[in-house]
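*Asks:* Below are the structure tokens for one structure; questions will follow.
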Amino acid sequence: MENDEWVEDGIDSENFDDVFVVPLRMTRADEFEAAGRWDMVEQYLAGNISRAEAEEELGVKGSRFRDLCRDFRRSANHLGMVKGKRGPKPGTSRTPAHYIPILEAAYKVAFRSKRASVAAVKREADKRAKALGLPPLTTHQVRTFVLAIPKRDRDKRRLGKDEYKQKYETRVGSRVVTRLNEVWQMDHTQIDLLVVDEVDRTRIIGRPWVTMIMCVLTRVIVGFYISLRYPNLDTVAAALVFAILDKDQKLVASGKKPGMYPACGLPEIIYTDNAAEFVSDYLKIKLKRYGVKWEHRPKDKKFYGGAIERVIGTFMTRHVHFLPGATGSNVGEREAFESEYNAKFDIKQLATWFFHRVIVYHGTIHRALGHSPRRAWEREELKLNGVPRRIVGVKNEIAFRMAFLPSSTQKHPVTRLGVYFAGRQYMSDDLLPYVSTGETYEVKYNPLGDLSEIWVNVADDQYIWAGCVKCREGLSDNWESYTERRDYLRHNPVLKGQTPGSLDWDDEHAFDSYNESRMIEEAVEAQHKEYKKSKVVKSQKASQKKLDSESEEKLLPDTNLLTSSIPKIRTNDFDF
């Protein structure tokens, strides 16, 4: 029965396989519908079915059927007969043409920054339309115009430069690193923690900076330096000295276990961004002497050198944010912290804590490595097979330190008491020939240490070591803490001009007690004067009375002598 029906319709059942049918697994619904149209028009044009039958099967009439026949003739296959979507084509607009310049101008002015919105564009467009005497645009018209602009172009105006590049720019493959100390990455960040003054622990002195250096292959933090100053050549040099020189000797001397911090050596390449302290040739030239190259990532390409940035971020979120005085990484997080109220760490305590947290990090399983950074370092050392690493030997350590350690801002004389520096006196027997010569000398100091030693440059590249022999009471042995408080006392408008021993102007109790004590002194003095005055008067009167009585006694004759030596005279002998 089925075969007869097919023959009646003009299709031979034996040739059914020759009819073009798009496999279901290869088509969408609209493509399958187009295949049916193609088949029906093909049969009609071949004379197998009538037009009425074709129109009835397709559900169309008149001009629409003629359009399908036209599409059939123009198309190579059924895909040319896919039904288009209804409505205006993407990118087209029914907004009157004279409004388009208004919308374009409003978009350029109002659609910018992360606060950009359709509402902002509409407000600007309405203002411009009103100035031209035109009725306002609808929100739908403005939204259609804005959304017709490619998203990438909208994001370019809405996002910041760095965020836009982070989202859209392509990234080349990362550098392949195969050797220990082949590439180091270095970067700074401001620590998310408020620190207090070491002496006056109620005074908050701000958020310190940390410079971190990392071996890319092992993810070991080879060195760091924490400073209260904005990153500069001195802080970078201090971090490099700590990273390159062997740390084991001093750690063992301070009671630590051997091998606690094995990372050291000279890198082949130091990779940084383009900050001023990194671009300067000052450190590059010095490192070149030791065969170290300095490379910079391309400008405005923040994703280069991302390994050190991820490590820094890990330190902030997993370690620092749990300390009292933590500020959080952004404004939203800071609302949950009472940073000023909880601040307790001073810079010296923070540096010691940070050192131990670096050791903890070295012993923590790293996701990218599959084991801890310490294990990665030890494994790479074994791969050297006895080949020595490039290190600064003990003989050259002093010369290396002198090349990178900071110098005093002014030169210092050598007096009979030694060299006065940082509120301390330094002296050694080797400095005796330079005492009171009238010359002044450059002083090198170690900001990583406890200020117990300095080096005096008495001639070209000739340095004499001197140890601290005297220190003023109350001075910190941490360079950052000492200099911060020194500068605070110098520049604080209240304390400025006051010499040691003068009263603190902020201490009202001291001034009140000082005035009271002075009044007591004056009262005592007056009382004493009054007492002495009364005592003297009484004494003078007594003395005068005694003198008067003694003088009277001397003037009066002794009656006994008179009577004994003078003969008795009869009274009638004097009668006239």
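For the structure tokens, the naming scheme is as follows: chains receive sequential letters (A, B, ...) according to their order of presentation, residues are indexed from 1 within each chain, and ligands are indexed from 1 in presentation order.
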Find the spatial neighbours of Leu180 in chain A, counting only C-alpha atoms, within a cut-off of 10 Å - ignore same-chain residues fewer than 4 positions away - and output them as a PyMOL selection string.

*Replies:* chain A and resi 184+215-218+265+267-268+376-381+383-384+389

*Asks:* What are the DSSP strand (DSSP E or B) residues of range 255-492 of chain A, as a ChimeraX atom specification?

*Replies:* /A:269-272,293-296,326,346,407,412-413,415,418-421,424-427,440-445,453-459,462-471

*Asks:* Can I get the selection written as a tab-separated table (two decimals), in the first residue's frame, with N, CA and C atoms?

*Replies:*
chain	number	residue	atom	x	y	z
A	269	ILE	N	69.83	34.82	35.87
A	269	ILE	CA	68.98	35.92	35.42
A	269	ILE	C	68.10	36.37	36.58
A	270	ILE	N	67.98	37.68	36.76
A	270	ILE	CA	67.00	38.26	37.69
A	270	ILE	C	65.92	38.92	36.85
A	271	TYR	N	64.67	38.54	37.09
A	271	TYR	CA	63.55	39.00	36.27
A	271	TYR	C	62.63	39.87	37.12
A	272	THR	N	62.40	41.10	36.68
A	272	THR	CA	61.59	42.04	37.46
A	272	THR	C	60.68	42.82	36.52
A	293	LYS	N	72.67	38.49	34.88
A	293	LYS	CA	71.94	39.36	33.94
A	293	LYS	C	70.62	39.79	34.57
A	294	TRP	N	70.18	40.99	34.19
A	294	TRP	CA	68.93	41.54	34.72
A	294	TRP	C	67.99	41.76	33.54
A	295	GLU	N	66.83	41.12	33.58
A	295	GLU	CA	65.85	41.27	32.51
A	295	GLU	C	64.55	41.84	33.07
A	296	HIS	N	63.81	42.54	32.20
A	296	HIS	CA	62.55	43.16	32.59
A	296	HIS	C	61.42	42.61	31.75
A	326	ALA	N	46.05	43.38	61.07
A	326	ALA	CA	45.92	43.14	59.64
A	326	ALA	C	44.87	44.06	59.04
A	346	ASP	N	55.71	45.37	66.14
A	346	ASP	CA	56.64	46.38	65.66
A	346	ASP	C	57.43	45.79	64.49
A	407	SER	N	75.51	53.05	52.23
A	407	SER	CA	76.49	53.91	52.90
A	407	SER	C	75.77	54.99	53.69
A	412	HIS	N	82.15	60.58	58.14
A	412	HIS	CA	82.34	60.69	59.58
A	412	HIS	C	83.84	60.72	59.91
A	413	PRO	N	84.23	61.53	60.91
A	413	PRO	CA	85.62	61.52	61.35
A	413	PRO	C	85.86	60.38	62.35
A	415	THR	N	87.44	59.88	65.85
A	415	THR	CA	87.90	60.62	67.02
A	415	THR	C	88.56	59.67	68.01
A	418	GLY	N	86.25	57.02	68.77
A	418	GLY	CA	85.82	56.15	67.68
A	418	GLY	C	84.99	56.90	66.65
A	419	VAL	N	84.17	56.15	65.92
A	419	VAL	CA	83.29	56.71	64.89
A	419	VAL	C	81.88	56.77	65.46
A	420	TYR	N	81.29	57.95	65.44
A	420	TYR	CA	79.92	58.10	65.94
A	420	TYR	C	78.96	57.94	64.77
A	421	PHE	N	78.07	56.93	64.86
A	421	PHE	CA	77.12	56.64	63.78
A	421	PHE	C	75.87	56.00	64.38
A	424	ARG	N	75.55	55.58	68.09
A	424	ARG	CA	76.46	54.60	68.68
A	424	ARG	C	77.91	55.01	68.40
A	425	GLN	N	78.82	54.45	69.21
A	425	GLN	CA	80.25	54.65	68.99
A	425	GLN	C	80.86	53.32	68.56
A	426	TYR	N	81.65	53.37	67.49
A	426	TYR	CA	82.30	52.18	66.94
A	426	TYR	C	83.81	52.40	66.96
A	427	MET	N	84.54	51.32	67.29
A	427	MET	CA	85.99	51.45	67.36
A	427	MET	C	86.64	50.09	67.14
A	440	THR	N	87.50	62.80	56.99
A	440	THR	CA	86.20	62.14	57.20
A	440	THR	C	86.09	60.97	56.24
A	441	TYR	N	85.32	59.94	56.64
A	441	TYR	CA	85.30	58.69	55.89
A	441	TYR	C	83.87	58.20	55.68
A	442	GLU	N	83.69	57.50	54.58
A	442	GLU	CA	82.41	56.85	54.27
A	442	GLU	C	82.22	55.65	55.20
A	443	VAL	N	80.99	55.44	55.64
A	443	VAL	CA	80.67	54.33	56.54
A	443	VAL	C	79.64	53.42	55.87
A	444	LYS	N	79.92	52.13	55.83
A	444	LYS	CA	78.98	51.12	55.34
A	444	LYS	C	78.35	50.42	56.54
A	445	TYR	N	77.05	50.16	56.45
A	445	TYR	CA	76.35	49.48	57.53
A	445	TYR	C	75.46	48.38	56.95
A	453	GLU	N	78.01	46.38	64.02
A	453	GLU	CA	79.26	46.55	63.31
A	453	GLU	C	79.07	47.49	62.12
A	454	ILE	N	80.16	48.14	61.74
A	454	ILE	CA	80.19	48.98	60.55
A	454	ILE	C	81.52	48.74	59.85
A	455	TRP	N	81.64	49.28	58.64
A	455	TRP	CA	82.89	49.22	57.88
A	455	TRP	C	83.23	50.63	57.43
A	456	VAL	N	84.45	51.06	57.75
A	456	VAL	CA	84.90	52.42	57.44
A	456	VAL	C	85.80	52.36	56.22
A	457	ASN	N	85.45	53.13	55.20
A	457	ASN	CA	86.22	53.17	53.96
A	457	ASN	C	87.34	54.20	54.10
A	458	VAL	N	88.53	53.72	54.46
A	458	VAL	CA	89.65	54.62	54.71
A	458	VAL	C	90.42	54.93	53.44
A	459	ALA	N	90.24	54.12	52.40
A	459	ALA	CA	90.88	54.34	51.10
A	459	ALA	C	90.06	53.64	50.04
A	462	GLN	N	89.23	49.93	50.40
A	462	GLN	CA	89.86	49.43	51.62
A	462	GLN	C	88.96	49.78	52.80
A	463	TYR	N	88.39	48.75	53.40
A	463	TYR	CA	87.43	48.94	54.47
A	463	TYR	C	87.97	48.34	55.76
A	464	ILE	N	87.75	49.04	56.85
A	464	ILE	CA	88.17	48.57	58.18
A	464	ILE	C	86.93	48.31	59.01
A	465	TRP	N	86.88	47.12	59.58
A	465	TRP	CA	85.74	46.74	60.42
A	465	TRP	C	85.84	47.43	61.78
A	466	ALA	N	84.70	47.83	62.33
A	466	ALA	CA	84.65	48.42	63.66
A	466	ALA	C	83.40	47.92	64.37
A	467	GLY	N	83.57	47.55	65.64
A	467	GLY	CA	82.44	47.06	66.42
A	467	GLY	C	81.87	48.13	67.32
A	468	CYS	N	80.63	47.95	67.72
A	468	CYS	CA	79.95	48.92	68.58
A	468	CYS	C	80.48	48.79	70.00
A	469	VAL	N	80.97	49.90	70.57
A	469	VAL	CA	81.51	49.90	71.92
A	469	VAL	C	80.61	50.66	72.89
A	470	LYS	N	79.70	51.48	72.35
A	470	LYS	CA	78.80	52.23	73.24
A	470	LYS	C	77.55	52.60	72.46
A	471	CYS	N	76.41	52.50	73.14
A	471	CYS	CA	75.13	52.82	72.50
A	471	CYS	C	74.26	53.60	73.48

*Asks:* Residues at most 12 Å from Lys348 in chain A, counting only C-alpha atoms, excluding those fewer than 2 positions away in the same chain, as JSON, numbers by chain?

*Replies:* {"A": [195, 196, 197, 198, 199, 208, 225, 226, 227, 228, 344, 345, 346, 350, 351, 352, 353, 354, 355, 447, 448, 449, 450, 476, 477, 478, 479, 480, 481, 482]}

*Asks:* May I have the selected residues written with C-alpha atoms, as a compact mmCIF listing (two decimals), in the first residue's frame?

*Replies:*
# COMPACT_ATOMS: atom_id res chain seq x y z
CA VAL A 195 52.94 48.11 62.78
CA VAL A 196 53.64 50.18 65.90
CA ASP A 197 56.62 52.11 67.17
CA GLU A 198 59.11 49.94 69.04
CA VAL A 199 59.38 52.49 71.87
CA PRO A 208 55.75 48.26 55.84
CA TYR A 225 63.79 42.47 53.10
CA ILE A 226 61.14 44.33 55.11
CA SER A 227 61.32 48.11 55.22
CA LEU A 228 59.26 51.07 56.38
CA LYS A 344 50.63 45.12 68.17
CA PHE A 345 53.61 44.12 66.00
CA ASP A 346 56.64 46.38 65.66
CA LEU A 350 57.39 41.39 62.10
CA ALA A 351 60.74 40.69 60.39
CA THR A 352 61.46 37.79 62.76
CA TRP A 353 57.94 36.40 62.34
CA PHE A 354 58.18 36.72 58.56
CA PHE A 355 61.47 34.81 58.54
CA PRO A 447 70.51 46.98 57.62
CA LEU A 448 69.94 43.22 57.90
CA GLY A 449 71.92 42.98 61.13
CA ASP A 450 71.67 44.46 64.62
CA SER A 476 66.58 50.13 68.66
CA ASP A 477 69.11 47.74 67.14
CA ASN A 478 66.89 47.43 64.04
CA TRP A 479 67.88 49.91 61.31
CA GLU A 480 64.33 50.48 60.05
CA SER A 481 62.93 51.04 63.53
CA TYR A 482 65.82 53.31 64.54

*Asks:* Per residue of range 166-276 of chain A within 10 Å of range 396-399 of chain A, note the shortest atom pair and the distance in Å to one decimal, counting only C-alpha atoms, and order the rows by chain and increasing residue number, as a Markdown table.

*Replies:*
| residue | atom | partner | partner_atom | distance |
| --- | --- | --- | --- | --- |
| A:Val241 | CA | A:Glu397 | CA | 9.8 |
| A:Leu245 | CA | A:Glu397 | CA | 7.5 |
| A:Asp246 | CA | A:Glu397 | CA | 9.3 |

*Asks:* Applying 12 Å and only C-alpha atoms, which residues near Phe145 in chain A remain after dropping the ones on its own chain fewer than 4 positions away? List them as a PyMOL selection string.

*Replies:* chain A and resi 90-97+99-104+106-107+118+121-122+125+137-141+149-150+154

*Asks:* Could the residues in this selection be saved with N, CA and C atoms as a PDB file, in the first residue's frame?

*Replies:*
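Result file is part-v2.pdb:
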ATOM      1  N   PRO A  90      20.740  41.460  13.457  1.00  0.00           N
ATOM      2  CA  PRO A  90      21.624  41.967  14.510  1.00  0.00           C
ATOM      3  C   PRO A  90      22.410  43.178  14.029  1.00  0.00           C
ATOM      4  N   GLY A  91      22.481  44.186  14.875  1.00  0.00           N
ATOM      5  CA  GLY A  91      23.214  45.397  14.526  1.00  0.00           C
ATOM      6  C   GLY A  91      22.366  46.475  13.899  1.00  0.00           C
ATOM      7  N   THR A  92      21.151  46.111  13.457  1.00  0.00           N
ATOM      8  CA  THR A  92      20.269  47.127  12.869  1.00  0.00           C
ATOM      9  C   THR A  92      19.459  47.797  13.966  1.00  0.00           C
ATOM     10  N   SER A  93      18.985  48.973  13.711  1.00  0.00           N
ATOM     11  CA  SER A  93      18.230  49.731  14.703  1.00  0.00           C
ATOM     12  C   SER A  93      17.096  50.469  14.018  1.00  0.00           C
ATOM     13  N   ARG A  94      15.979  50.558  14.734  1.00  0.00           N
ATOM     14  CA  ARG A  94      14.836  51.314  14.234  1.00  0.00           C
ATOM     15  C   ARG A  94      14.823  52.741  14.767  1.00  0.00           C
ATOM     16  N   THR A  95      15.876  53.096  15.480  1.00  0.00           N
ATOM     17  CA  THR A  95      15.980  54.461  15.983  1.00  0.00           C
ATOM     18  C   THR A  95      16.155  55.419  14.811  1.00  0.00           C
ATOM     19  N   PRO A  96      15.427  56.529  14.793  1.00  0.00           N
ATOM     20  CA  PRO A  96      15.569  57.499  13.700  1.00  0.00           C
ATOM     21  C   PRO A  96      17.022  57.908  13.497  1.00  0.00           C
ATOM     22  N   ALA A  97      17.401  58.109  12.253  1.00  0.00           N
ATOM     23  CA  ALA A  97      18.797  58.369  11.908  1.00  0.00           C
ATOM     24  C   ALA A  97      19.340  59.622  12.578  1.00  0.00           C
ATOM     25  N   TYR A  99      18.949  60.602  15.463  1.00  0.00           N
ATOM     26  CA  TYR A  99      19.305  60.372  16.867  1.00  0.00           C
ATOM     27  C   TYR A  99      20.668  59.671  17.004  1.00  0.00           C
ATOM     28  N   ILE A 100      21.152  59.053  15.934  1.00  0.00           N
ATOM     29  CA  ILE A 100      22.384  58.268  16.026  1.00  0.00           C
ATOM     30  C   ILE A 100      23.576  59.133  16.443  1.00  0.00           C
ATOM     31  N   PRO A 101      23.806  60.320  15.848  1.00  0.00           N
ATOM     32  CA  PRO A 101      24.926  61.157  16.324  1.00  0.00           C
ATOM     33  C   PRO A 101      24.797  61.539  17.792  1.00  0.00           C
ATOM     34  N   ILE A 102      23.563  61.742  18.240  1.00  0.00           N
ATOM     35  CA  ILE A 102      23.345  62.076  19.656  1.00  0.00           C
ATOM     36  C   ILE A 102      23.757  60.911  20.536  1.00  0.00           C
ATOM     37  N   LEU A 103      23.354  59.694  20.155  1.00  0.00           N
ATOM     38  CA  LEU A 103      23.700  58.506  20.936  1.00  0.00           C
ATOM     39  C   LEU A 103      25.209  58.260  20.927  1.00  0.00           C
ATOM     40  N   GLU A 104      25.841  58.462  19.797  1.00  0.00           N
ATOM     41  CA  GLU A 104      27.289  58.248  19.718  1.00  0.00           C
ATOM     42  C   GLU A 104      28.036  59.221  20.627  1.00  0.00           C
ATOM     43  N   ALA A 106      26.791  60.804  23.275  1.00  0.00           N
ATOM     44  CA  ALA A 106      26.458  60.483  24.666  1.00  0.00           C
ATOM     45  C   ALA A 106      27.232  59.259  25.139  1.00  0.00           C
ATOM     46  N   TYR A 107      27.403  58.288  24.271  1.00  0.00           N
ATOM     47  CA  TYR A 107      28.144  57.062  24.622  1.00  0.00           C
ATOM     48  C   TYR A 107      29.604  57.389  24.935  1.00  0.00           C
ATOM     49  N   VAL A 118      23.660  51.934  30.931  1.00  0.00           N
ATOM     50  CA  VAL A 118      22.725  52.432  29.929  1.00  0.00           C
ATOM     51  C   VAL A 118      22.033  53.692  30.440  1.00  0.00           C
ATOM     52  N   VAL A 121      24.117  56.756  29.855  1.00  0.00           N
ATOM     53  CA  VAL A 121      24.088  57.157  28.443  1.00  0.00           C
ATOM     54  C   VAL A 121      22.762  57.838  28.117  1.00  0.00           C
ATOM     55  N   LYS A 122      21.648  57.312  28.665  1.00  0.00           N
ATOM     56  CA  LYS A 122      20.330  57.898  28.387  1.00  0.00           C
ATOM     57  C   LYS A 122      20.232  59.315  28.934  1.00  0.00           C
ATOM     58  N   ALA A 125      22.146  61.504  26.602  1.00  0.00           N
ATOM     59  CA  ALA A 125      21.459  61.623  25.309  1.00  0.00           C
ATOM     60  C   ALA A 125      20.221  62.513  25.422  1.00  0.00           C
ATOM     61  N   LEU A 137      14.700  59.971  24.050  1.00  0.00           N
ATOM     62  CA  LEU A 137      14.757  58.587  23.580  1.00  0.00           C
ATOM     63  C   LEU A 137      14.192  57.663  24.645  1.00  0.00           C
ATOM     64  N   THR A 138      13.726  56.509  24.218  1.00  0.00           N
ATOM     65  CA  THR A 138      13.270  55.507  25.182  1.00  0.00           C
ATOM     66  C   THR A 138      14.473  54.728  25.693  1.00  0.00           C
ATOM     67  N   THR A 139      14.300  54.114  26.860  1.00  0.00           N
ATOM     68  CA  THR A 139      15.377  53.292  27.421  1.00  0.00           C
ATOM     69  C   THR A 139      15.705  52.132  26.489  1.00  0.00           C
ATOM     70  N   HIS A 140      14.681  51.573  25.848  1.00  0.00           N
ATOM     71  CA  HIS A 140      14.902  50.457  24.930  1.00  0.00           C
ATOM     72  C   HIS A 140      15.773  50.885  23.753  1.00  0.00           C
ATOM     73  N   GLN A 141      15.539  52.065  23.223  1.00  0.00           N
ATOM     74  CA  GLN A 141      16.342  52.544  22.101  1.00  0.00           C
ATOM     75  C   GLN A 141      17.806  52.721  22.511  1.00  0.00           C
ATOM     76  N   ILE A 149      26.992  47.621  20.219  1.00  0.00           N
ATOM     77  CA  ILE A 149      28.444  47.834  20.185  1.00  0.00           C
ATOM     78  C   ILE A 149      29.127  46.568  20.691  1.00  0.00           C
ATOM     79  N   PRO A 150      30.148  46.055  20.019  1.00  0.00           N
ATOM     80  CA  PRO A 150      30.823  44.825  20.457  1.00  0.00           C
ATOM     81  C   PRO A 150      31.263  44.905  21.913  1.00  0.00           C
ATOM     82  N   ARG A 154      33.077  47.792  24.370  1.00  0.00           N
ATOM     83  CA  ARG A 154      32.477  48.334  25.600  1.00  0.00           C
ATOM     84  C   ARG A 154      33.410  48.131  26.787  1.00  0.00           C
TER      85      ARG A 154
END

*Asks:* Out of range 385-419 of chain A, which residues get alpha helix (DSSP H) from DSSP, as a PyMOL selection string?

*Replies:* chain A and resi 394-404

*Asks:* Residues of the last selection are to be written out with N, CA and C atoms, as a compact mmCIF listing (two decimals), in the first residue's frame.

*Replies:*
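After the write, part38.txt holds the following:
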# COMPACT_ATOMS: atom_id res chain seq x y z
N VAL A 394 83.74 32.69 50.85
CA VAL A 394 84.02 33.42 52.09
C VAL A 394 85.05 34.52 51.86
N LYS A 395 86.04 34.25 51.00
CA LYS A 395 87.08 35.25 50.75
C LYS A 395 86.52 36.50 50.07
N ASN A 396 85.52 36.30 49.25
CA ASN A 396 84.96 37.42 48.50
C ASN A 396 83.70 38.01 49.14
N GLU A 397 83.32 37.48 50.30
CA GLU A 397 82.05 37.91 50.90
C GLU A 397 82.10 39.37 51.32
N ILE A 398 83.23 39.79 51.93
CA ILE A 398 83.33 41.17 52.37
C ILE A 398 83.27 42.13 51.19
N ALA A 399 83.98 41.79 50.11
CA ALA A 399 83.96 42.65 48.92
C ALA A 399 82.55 42.73 48.34
N PHE A 400 81.83 41.60 48.36
CA PHE A 400 80.45 41.61 47.84
C PHE A 400 79.56 42.49 48.71
N ARG A 401 79.71 42.36 50.03
CA ARG A 401 78.91 43.18 50.94
C ARG A 401 79.20 44.67 50.71
N MET A 402 80.47 45.00 50.58
CA MET A 402 80.82 46.41 50.42
C MET A 402 80.29 46.98 49.11
N ALA A 403 80.10 46.11 48.11
CA ALA A 403 79.58 46.58 46.82
C ALA A 403 78.09 46.88 46.89
N PHE A 404 77.37 46.19 47.79
CA PHE A 404 75.91 46.30 47.78
C PHE A 404 75.33 46.94 49.03

*Asks:* What gap, in Å, lies between CA of Thr189 in chain A and CA of Arg357 in chain A?

*Replies:* 16.5 Å
